[in-house]
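As provided, model_37.cif (mmCIF, C-alpha atoms) reads as follows.
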data_entry
#
loop_
_atom_site.label_atom_id
_atom_site.label_comp_id
_atom_site.auth_asym_id
_atom_site.auth_seq_id
_atom_site.Cartn_x
_atom_site.Cartn_y
_atom_site.Cartn_z
CA MET A 1 88.59 118.01 107.40
CA LYS A 2 91.39 118.65 109.87
CA LYS A 3 94.41 116.46 109.28
CA THR A 4 95.74 114.45 112.19
CA MET A 5 98.91 113.43 110.36
CA ILE A 6 101.55 115.21 108.33
CA SER A 7 100.83 115.58 104.64
CA LEU A 8 101.77 112.77 102.30
CA ALA A 9 104.21 114.95 100.39
CA ALA A 10 105.92 115.93 103.64
CA ALA A 11 105.99 112.32 104.78
CA GLY A 12 107.55 111.29 101.49
CA ALA A 13 110.15 114.03 101.74
CA LEU A 14 111.06 112.92 105.26
CA MET A 15 111.43 109.33 104.12
CA LEU A 16 113.61 110.32 101.21
CA SER A 17 115.89 112.56 103.26
CA ALA A 18 116.27 110.26 106.23
CA ALA A 19 118.46 107.72 104.45
CA PRO A 20 119.59 106.92 100.92
CA LEU A 21 117.14 104.74 99.04
CA GLN A 22 118.83 101.55 97.94
CA ALA A 23 118.10 99.50 94.84
CA ASP A 24 116.36 96.89 96.96
CA ALA A 25 113.85 99.47 98.22
CA VAL A 26 111.70 98.62 95.25
CA GLY A 27 111.76 94.88 95.85
CA ASN A 28 111.47 95.08 99.63
CA GLY A 29 108.97 97.92 99.86
CA PRO A 30 106.17 96.34 101.89
CA ASN A 31 103.04 94.88 100.43
CA TYR A 32 99.93 95.38 102.51
CA GLY A 33 99.33 91.76 103.50
CA GLY A 34 97.10 92.80 106.40
CA ASN A 35 100.16 93.76 108.46
CA GLU A 36 99.68 97.53 108.66
CA THR A 37 97.03 100.20 108.47
CA ILE A 38 96.45 101.74 105.05
CA ASN A 39 95.35 105.21 106.09
CA THR A 40 93.69 107.27 103.39
CA SER A 41 93.59 110.33 105.65
CA ILE A 42 97.19 111.14 104.67
CA LEU A 43 96.12 111.57 101.04
CA HIS A 44 94.71 114.84 99.74
CA THR A 45 90.94 114.80 99.71
CA TYR A 46 89.25 116.33 96.70
CA SER A 47 88.49 119.57 98.55
CA GLU A 48 92.05 119.77 99.89
CA MET A 49 93.39 119.28 96.38
CA ALA A 50 91.12 122.02 95.04
CA SER A 51 92.23 124.41 97.79
CA TYR A 52 95.87 123.55 97.13
CA LEU A 53 95.51 124.31 93.43
CA GLN A 54 93.77 127.61 94.11
CA LYS A 55 96.54 128.67 96.49
CA GLN A 56 99.23 127.74 93.97
CA GLU A 57 97.44 129.72 91.26
CA ALA A 58 97.45 132.77 93.54
CA LYS A 59 101.20 132.36 94.11
CA GLN A 60 102.35 131.53 90.58
CA LYS A 61 102.09 134.14 87.83
CA ASP A 62 102.53 131.52 85.06
CA MET A 63 99.85 129.15 86.36
CA GLU A 64 96.19 129.23 85.35
CA LEU A 65 93.48 126.99 86.78
CA GLU A 66 90.55 126.04 84.56
CA VAL A 67 87.39 124.05 85.33
CA ILE A 68 86.82 121.70 82.40
CA GLY A 69 83.60 120.07 83.59
CA GLN A 70 81.98 118.23 86.46
CA SER A 71 81.96 114.65 87.68
CA VAL A 72 78.81 112.53 88.01
CA LYS A 73 78.40 113.85 91.57
CA GLY A 74 78.98 117.45 90.51
CA ARG A 75 82.61 117.97 91.57
CA ASP A 76 84.55 120.42 89.42
CA LEU A 77 87.25 118.84 87.25
CA TYR A 78 90.42 120.93 87.15
CA LEU A 79 93.01 121.60 84.49
CA VAL A 80 96.29 123.24 85.51
CA LYS A 81 97.82 125.26 82.66
CA TYR A 82 101.26 126.76 81.98
CA MET A 83 100.96 128.19 78.47
CA LYS A 84 103.25 131.13 77.71
CA ASN A 85 103.48 130.55 73.98
CA PRO A 86 100.93 128.58 71.93
CA GLU A 87 103.71 127.74 69.44
CA ASN A 88 105.65 125.77 72.08
CA PRO A 89 105.30 121.99 72.22
CA THR A 90 102.66 120.93 74.75
CA ILE A 91 102.56 117.98 77.15
CA LEU A 92 99.56 116.75 79.13
CA PHE A 93 99.87 114.81 82.38
CA LEU A 94 96.76 112.87 83.39
CA THR A 95 96.25 111.32 86.83
CA GLN A 96 93.54 109.41 88.65
CA GLN A 97 91.35 108.19 85.88
CA HIS A 98 91.09 105.46 88.49
CA GLY A 99 90.22 106.93 91.86
CA ASN A 100 92.23 104.43 93.94
CA GLU A 101 95.52 105.32 92.18
CA GLN A 102 96.42 108.50 94.01
CA LEU A 103 100.16 108.68 94.61
CA THR A 104 100.65 109.96 91.07
CA THR A 105 98.29 112.83 91.96
CA GLU A 106 100.31 113.52 95.10
CA GLY A 107 103.45 113.70 92.95
CA ALA A 108 101.73 115.93 90.40
CA LEU A 109 100.72 118.39 93.13
CA GLU A 110 104.31 118.55 94.35
CA PHE A 111 105.48 119.06 90.75
CA ILE A 112 103.06 121.98 90.40
CA LYS A 113 104.62 123.56 93.48
CA HIS A 114 108.09 123.05 91.98
CA LEU A 115 107.02 124.93 88.83
CA GLY A 116 106.57 128.01 90.97
CA THR A 117 110.10 127.87 92.38
CA GLY A 118 113.64 128.39 91.13
CA LYS A 119 114.00 124.62 90.84
CA MET A 120 112.19 124.76 87.49
CA LYS A 121 113.07 128.33 86.54
CA GLY A 122 112.63 129.11 82.86
CA VAL A 123 111.29 125.69 81.83
CA THR A 124 107.82 127.02 80.98
CA ASP A 125 109.35 129.48 78.50
CA ASN A 126 109.85 126.65 76.02
CA VAL A 127 107.17 124.06 76.80
CA ASN A 128 103.47 124.27 77.56
CA ILE A 129 102.30 122.07 80.42
CA LEU A 130 98.76 120.84 81.05
CA ILE A 131 97.88 118.76 84.12
CA VAL A 132 94.59 117.07 84.96
CA PRO A 133 95.37 116.09 88.56
CA MET A 134 92.26 114.06 89.45
CA LEU A 135 89.94 113.05 86.62
CA ASN A 136 87.86 110.76 88.87
CA PRO A 137 87.18 112.67 92.11
CA ASP A 138 84.04 110.70 92.96
CA GLY A 139 85.99 107.44 92.93
CA ALA A 140 88.81 109.10 94.86
CA MET A 141 86.38 110.14 97.57
CA GLY A 142 84.45 106.88 97.59
CA ASP A 143 81.30 108.83 96.74
CA VAL A 144 79.82 106.14 94.52
CA ASP A 145 76.54 104.34 93.96
CA PHE A 146 77.82 100.88 94.87
CA SER A 147 79.25 99.24 97.97
CA LEU A 148 82.91 99.52 98.99
CA ASP A 149 82.49 97.55 102.22
CA ASP A 150 85.12 94.96 101.23
CA TYR A 151 87.87 97.54 100.57
CA VAL A 152 90.89 97.32 102.86
CA ALA A 153 91.85 100.93 103.68
CA SER A 154 90.84 102.95 106.70
CA GLY A 155 91.12 106.68 107.37
CA GLY A 156 87.64 108.04 106.74
CA ARG A 157 87.10 107.12 103.12
CA HIS A 158 87.66 104.41 100.55
CA LEU A 159 89.07 104.96 97.06
CA THR A 160 87.80 102.98 94.09
CA ARG A 161 88.85 102.44 90.48
CA TYR A 162 85.46 103.32 89.04
CA ASN A 163 83.45 106.52 88.79
CA ALA A 164 80.21 107.02 90.72
CA LEU A 165 78.27 104.93 88.18
CA ASN A 166 80.67 101.96 88.47
CA VAL A 167 82.23 102.74 85.06
CA ASP A 168 85.94 102.44 84.25
CA LEU A 169 86.82 105.81 82.70
CA ASN A 170 89.80 104.28 80.92
CA ARG A 171 87.45 102.18 78.84
CA ASP A 172 85.39 105.18 77.67
CA HIS A 173 87.72 106.94 75.21
CA VAL A 174 85.76 105.98 72.09
CA THR A 175 82.10 106.40 73.04
CA LYS A 176 82.85 109.13 75.64
CA ILE A 177 79.65 108.56 77.58
CA GLN A 178 80.77 109.57 81.07
CA PRO A 179 80.91 113.27 82.04
CA GLU A 180 84.52 112.94 83.16
CA THR A 181 85.75 111.58 79.83
CA GLN A 182 83.58 114.09 77.97
CA ALA A 183 85.25 116.92 79.91
CA LEU A 184 88.71 115.56 79.09
CA HIS A 185 88.03 115.15 75.37
CA PHE A 186 85.81 118.14 74.63
CA ASN A 187 87.58 120.70 76.83
CA VAL A 188 91.19 119.54 76.79
CA MET A 189 92.04 117.16 73.94
CA GLN A 190 89.95 119.04 71.35
CA LYS A 191 90.74 122.52 72.69
CA TYR A 192 94.53 122.47 72.99
CA ASN A 193 97.21 121.49 70.49
CA ILE A 194 98.84 118.71 72.51
CA ASP A 195 101.97 116.90 71.34
CA TYR A 196 102.64 114.49 74.22
CA MET A 197 100.64 112.86 76.99
CA ILE A 198 101.65 110.71 79.96
CA ASP A 199 98.78 108.78 81.50
CA LEU A 200 99.77 107.96 85.08
CA HIS A 201 98.28 104.90 86.79
CA HIS A 202 98.99 102.33 89.49
CA GLN A 203 99.02 98.57 89.13
CA GLY A 204 99.18 95.66 91.55
CA ALA A 205 102.02 95.48 94.05
CA ASP A 206 103.46 92.13 92.91
CA ARG A 207 104.56 92.77 89.31
CA VAL A 208 107.97 91.37 88.41
CA ILE A 209 110.55 91.19 85.63
CA ASN A 210 113.31 88.64 85.11
CA GLY A 211 111.41 86.06 87.12
CA ASP A 212 111.34 87.64 90.57
CA GLU A 213 112.52 91.27 90.44
CA LEU A 214 109.72 93.55 91.61
CA VAL A 215 109.24 96.70 89.57
CA SER A 216 108.55 100.24 90.76
CA GLY A 217 106.52 100.69 87.62
CA SER A 218 106.06 99.77 83.99
CA ILE A 219 105.73 101.80 80.81
CA LEU A 220 104.24 101.34 77.36
CA TYR A 221 103.66 103.25 74.13
CA PRO A 222 100.49 102.92 71.98
CA THR A 223 100.08 99.39 70.71
CA THR A 224 97.11 99.79 68.40
CA PRO A 225 97.98 99.03 64.74
CA ASN A 226 96.19 102.24 63.76
CA VAL A 227 98.72 104.59 65.34
CA ASP A 228 100.72 106.81 62.98
CA PRO A 229 104.41 105.73 62.83
CA GLU A 230 105.65 109.24 63.72
CA VAL A 231 103.31 109.37 66.71
CA LEU A 232 104.56 105.96 67.80
CA GLU A 233 108.19 107.06 67.52
CA GLY A 234 107.44 110.15 69.61
CA SER A 235 105.82 107.92 72.21
CA LYS A 236 108.88 105.69 72.35
CA LYS A 237 111.11 108.74 72.78
CA LEU A 238 108.92 109.94 75.63
CA GLY A 239 109.40 106.55 77.23
CA ALA A 240 113.15 106.79 76.72
CA VAL A 241 113.24 110.07 78.65
CA VAL A 242 111.38 108.48 81.55
CA TYR A 243 113.47 105.32 81.51
CA ASP A 244 116.75 107.22 81.47
CA ALA A 245 115.59 109.41 84.36
CA ILE A 246 114.24 106.64 86.60
CA ASN A 247 116.25 103.48 86.04
CA PRO A 248 119.67 104.77 87.22
CA LYS A 249 118.27 106.14 90.50
CA GLY A 250 118.66 102.93 92.49
CA TRP A 251 115.15 103.12 93.91
CA GLY A 252 113.41 102.61 90.56
CA THR A 253 113.15 99.54 88.37
CA LEU A 254 111.01 99.69 85.24
CA GLY A 255 109.51 96.98 83.09
CA LYS A 256 107.50 96.92 79.89
CA TYR A 257 103.76 96.84 80.47
CA PRO A 258 101.93 94.01 78.64
CA GLY A 259 99.07 96.16 77.37
CA GLY A 260 96.54 95.48 74.66
CA SER A 261 95.49 97.31 71.53
CA ALA A 262 91.97 98.49 72.47
CA GLU A 263 91.36 102.11 71.52
CA THR A 264 88.88 102.53 74.35
CA ILE A 265 92.03 102.93 76.49
CA SER A 266 93.47 106.45 76.51
CA ARG A 267 97.02 105.37 75.61
CA ASN A 268 95.75 103.97 72.32
CA GLY A 269 92.61 105.95 71.55
CA ILE A 270 94.07 109.40 72.14
CA ALA A 271 97.15 108.58 70.06
CA VAL A 272 94.95 107.59 67.11
CA GLU A 273 92.21 110.23 67.38
CA TYR A 274 94.43 113.26 67.99
CA GLY A 275 97.87 112.23 66.74
CA ILE A 276 99.36 112.68 70.20
CA SER A 277 102.40 110.69 71.35
CA THR A 278 101.29 108.91 74.51
CA LEU A 279 102.96 106.96 77.28
CA LEU A 280 101.38 104.81 79.96
CA PHE A 281 103.19 104.72 83.30
CA GLU A 282 101.90 102.17 85.81
CA MET A 283 103.34 102.80 89.28
CA ARG A 284 103.59 99.99 91.81
CA GLY A 285 100.67 99.39 94.17
CA MET A 286 97.31 101.07 94.84
CA SER A 287 95.98 103.21 97.69
CA ASP A 288 92.91 101.03 98.28
CA HIS A 289 91.22 98.00 96.77
CA ALA A 290 89.11 95.00 97.61
CA TYR A 291 92.07 92.78 96.63
CA GLU A 292 94.84 92.85 99.22
CA ASP A 293 97.45 91.94 96.57
CA TYR A 294 96.84 95.25 94.82
CA VAL A 295 97.44 97.46 97.85
CA LEU A 296 100.95 98.58 98.71
CA GLY A 297 102.08 99.36 102.23
CA GLN A 298 102.21 103.12 102.70
CA LYS A 299 105.84 103.03 103.82
CA SER A 300 106.56 102.86 100.07
CA ASN A 301 104.71 106.12 99.37
CA GLY A 302 107.85 108.25 99.44
CA TYR A 303 109.72 106.71 96.55
CA LEU A 304 106.57 106.41 94.41
CA ILE A 305 105.82 110.10 94.84
CA LYS A 306 109.46 110.82 94.02
CA GLN A 307 109.16 108.61 90.94
CA THR A 308 106.18 110.67 89.72
CA ILE A 309 107.95 113.98 90.29
CA THR A 310 111.08 112.73 88.50
CA THR A 311 108.96 111.60 85.55
CA LEU A 312 107.18 114.92 85.17
CA GLU A 313 110.28 117.05 85.64
CA SER A 314 112.47 115.03 83.30
CA THR A 315 109.93 115.05 80.46
CA VAL A 316 109.18 118.77 80.55
CA LYS A 317 112.90 119.56 80.60
CA ALA A 318 113.60 117.21 77.66
CA ILE A 319 110.81 118.76 75.62
CA ALA A 320 111.81 122.29 76.59
CA ASP A 321 115.46 121.88 75.54
CA GLY A 322 114.70 119.64 72.55
CA SER A 323 116.76 116.72 73.84
CA ILE A 324 113.76 114.41 73.48
CA ASP A 325 114.24 114.54 69.71
CA SER A 326 117.58 112.73 69.90
CA LYS A 327 116.62 110.08 72.45
CA ASP A 328 117.64 106.51 71.62
CA THR A 329 114.58 104.26 71.65
CA SER A 330 116.44 100.98 71.19
CA PHE A 331 116.09 100.22 74.92
CA TRP A 332 112.50 99.16 74.18
CA ASP A 333 113.87 96.13 72.30
CA THR A 334 115.46 94.72 75.45
CA LEU A 335 113.21 96.14 78.19
CA PRO A 336 111.91 93.07 80.07
CA GLU A 337 108.15 92.62 79.98
CA GLN A 338 106.71 92.35 83.45
CA THR A 339 104.75 89.35 84.60
CA ASN A 340 101.20 90.50 85.07
CA ARG A 341 99.73 88.21 87.71
CA GLN A 342 96.40 90.02 87.83
CA SER A 343 94.29 91.62 85.13
CA GLU A 344 92.78 94.84 86.53
CA ASP A 345 95.32 97.47 85.49
CA GLU A 346 95.66 100.36 83.03
#
Starting from the coordinates I provided, produce the structure as structure tokens.
Amino acid sequence: MKKTMISLAAAGALMLSAAPLQADAVGNGPNYGGNETINTSILHTYSEMASYLQKQEAKQKDMELEVIGQSVKGRDLYLVKYMKNPENPTILFLTQQHGNEQLTTEGALEFIKHLGTGKMKGVTDNVNILIVPMLNPDGAMGDVDFSLDDYVASGGRHLTRYNALNVDLNRDHVTKIQPETQALHFNVMQKYNIDYMIDLHHQGADRVINGDELVSGSILYPTTPNVDPEVLEGSKKLGAVVYDAINPKGWGTLGKYPGGSAETISRNGIAVEYGISTLLFEMRGMSDHAYEDYVLGQKSNGYLIKQTITTLESTVKAIADGSIDSKDTSFWDTLPEQTNRQSEDE
């Protein structure tokens, strides 16, 4: 499909370079509200993403692209790997379990490009990086066996939370029935010795802390009582790295996500089953939805992509240089819990 607009990453870069982002950019970044077009054509399609990854693999000597399985509709599921030394600590970044939460994928693709440049020179010598950049491609392409007629976006396709069979993949981490979750568990979680995971999502656009302060995102460690204390502490340190990287920027405000303890959710289930320190990061707003309150105006895309890139870069650097081990996790005790006005998140 020929693009008629500049790429999302380029658009975000232009937005970020045009003027300094102020602290109120988070609060005043536009909700959808029916006042603008939400154009999905500026997002990478599945085939464009696949082509992008293949081109990056050809350019980057340290990058390897692996197919870990197929979606319900037969789309290949990709794993991006930087693994110089199996003895190094390993982090997994997971995006788009929910197909309508794509800006984290856009940020992950930009991060992959950065790993092939001098910007991240030497970081892969001391940390192994795994990235699943789109676990739910059928939902991302709107290629599903149920109607999306009430979704608000335009641009040639809709994006939906669920996979082609109308199943929420982030409720399938115990039974592992869906082919996408089977691919993740059997060919990633059980194959590689992973120490950390960040599960990147989007939530509704109207989440607040301190009564009325809109957040750019919210974070949470595993909250199941079955998690090992050392795994939990590692999760909290991972969150501290992210918090310390994002909160001082001026364009980012983080809250504590009010998540539950169900182990069907990856944040909890993966921590318990594999002993992996996990962190949920819920970015503000979604790329498409039937509920207008969930969709964020695309003028906010730039800082959300930047927030994803900052998260990924800061965590790999902290793991690579060992500074994660000395992170102070006491901020969790005072991090304001966001008000969750809707229920369909994580």
| For A:Val144, the nearest of the candidates A:Met83, A:Val72, A:Ala50, A:Leu254, counting all atoms listed in the file |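 Looking at the shortest contact to A:Val144, the residue is A:Val72.
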| atom CA of A:Ala318 to atom CA of A:Tyr274, distance in Å rounded to a single decimal |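 Atom CA of A:Tyr274 lies at a distance of 21.8 Å from atom CA of A:Ala318.
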| field | Shortest interatomic distance to A:Gln178 - which of A:Leu148, A:Leu65, A:Ala271, A:Leu135, counting only C-alpha atoms | value |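 When distances to A:Gln178 are compared using only C-alpha atoms, the smallest one comes from A:Leu135.
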| request: Could you tell me how far atom CA of A:Val272 lies from atom CA of A:Phe331, in Å and to one decimal? | output: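 Going from atom CA of A:Val272 over to atom CA of A:Phe331, I get 23.7 Å.
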| field | Separation of atom CA of A:Pro133 from atom CA of A:Met120 in Å | value |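 Calculated distance between atom CA of A:Met120 and atom CA of A:Pro133 is 19.0 Å.
Comparing the minimum interatomic distances between A:Lys81 and each of A:Val231, A:Ile131, A:Val67, A:Leu165, counting all atoms listed in the file, we find that A:Ile131 sits nearest.
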| message | For the provided coordinates, the residues matched by the PyMOL selection byres ((chain A and resi 295) around 10) should be stated as a PyMOL selection string. | response | chain A and resi 30-34+38+100-101+151-153+202-206+284-294+296-298
| If we count all atoms listed in the file, what is near A:Thr253 at a cut-off of 9 Å, once residues fewer than 2 positions away on the same chain are taken out, given as a ChimeraX atom specification? | /A:23,26-27,213-218,243,246-251,255
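For the residues A:Arg207, A:His201, A:Lys191, A:Lys61, ranking by smallest atom-to-atom distance to A:Tyr82 using only C-alpha atoms places A:Lys61 first.
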Could you please give me, as a PDB file with C-alpha atoms, in the coordinates of the input, the residues of protein, DNA or RNA lying at most 8 Å from (98.4, 106.6, 102.7) in the coordinate frame of the file, considering all atoms listed in the file?
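What landed in selection.pdb:
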ATOM      1  CA  LEU A   8     101.770 112.770 102.300  1.00  0.00           C
ATOM      2  CA  ILE A  38      96.450 101.740 105.050  1.00  0.00           C
ATOM      3  CA  ASN A  39      95.350 105.210 106.090  1.00  0.00           C
ATOM      4  CA  THR A  40      93.690 107.270 103.390  1.00  0.00           C
ATOM      5  CA  SER A  41      93.590 110.330 105.650  1.00  0.00           C
ATOM      6  CA  ILE A  42      97.190 111.140 104.670  1.00  0.00           C
ATOM      7  CA  LEU A  43      96.120 111.570 101.040  1.00  0.00           C
ATOM      8  CA  SER A 287      95.980 103.210  97.690  1.00  0.00           C
ATOM      9  CA  GLN A 298     102.210 103.120 102.700  1.00  0.00           C
ATOM     10  CA  ASN A 301     104.710 106.120  99.370  1.00  0.00           C
TER      11      ASN A 301
END
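Of the residues listed (A:Gly69, A:Gly155, A:Gly260, A:Pro89), A:Gly69 shows the shortest atom-to-atom separation from A:Val132; distances use all atoms listed in the file.
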| If you apply the PyMOL selection byres ((chain A and resi 99) around 8) to this file, what residues do you get, as number ranges by chain? | A: 96-98, 100-102, 134, 136-141, 159-163
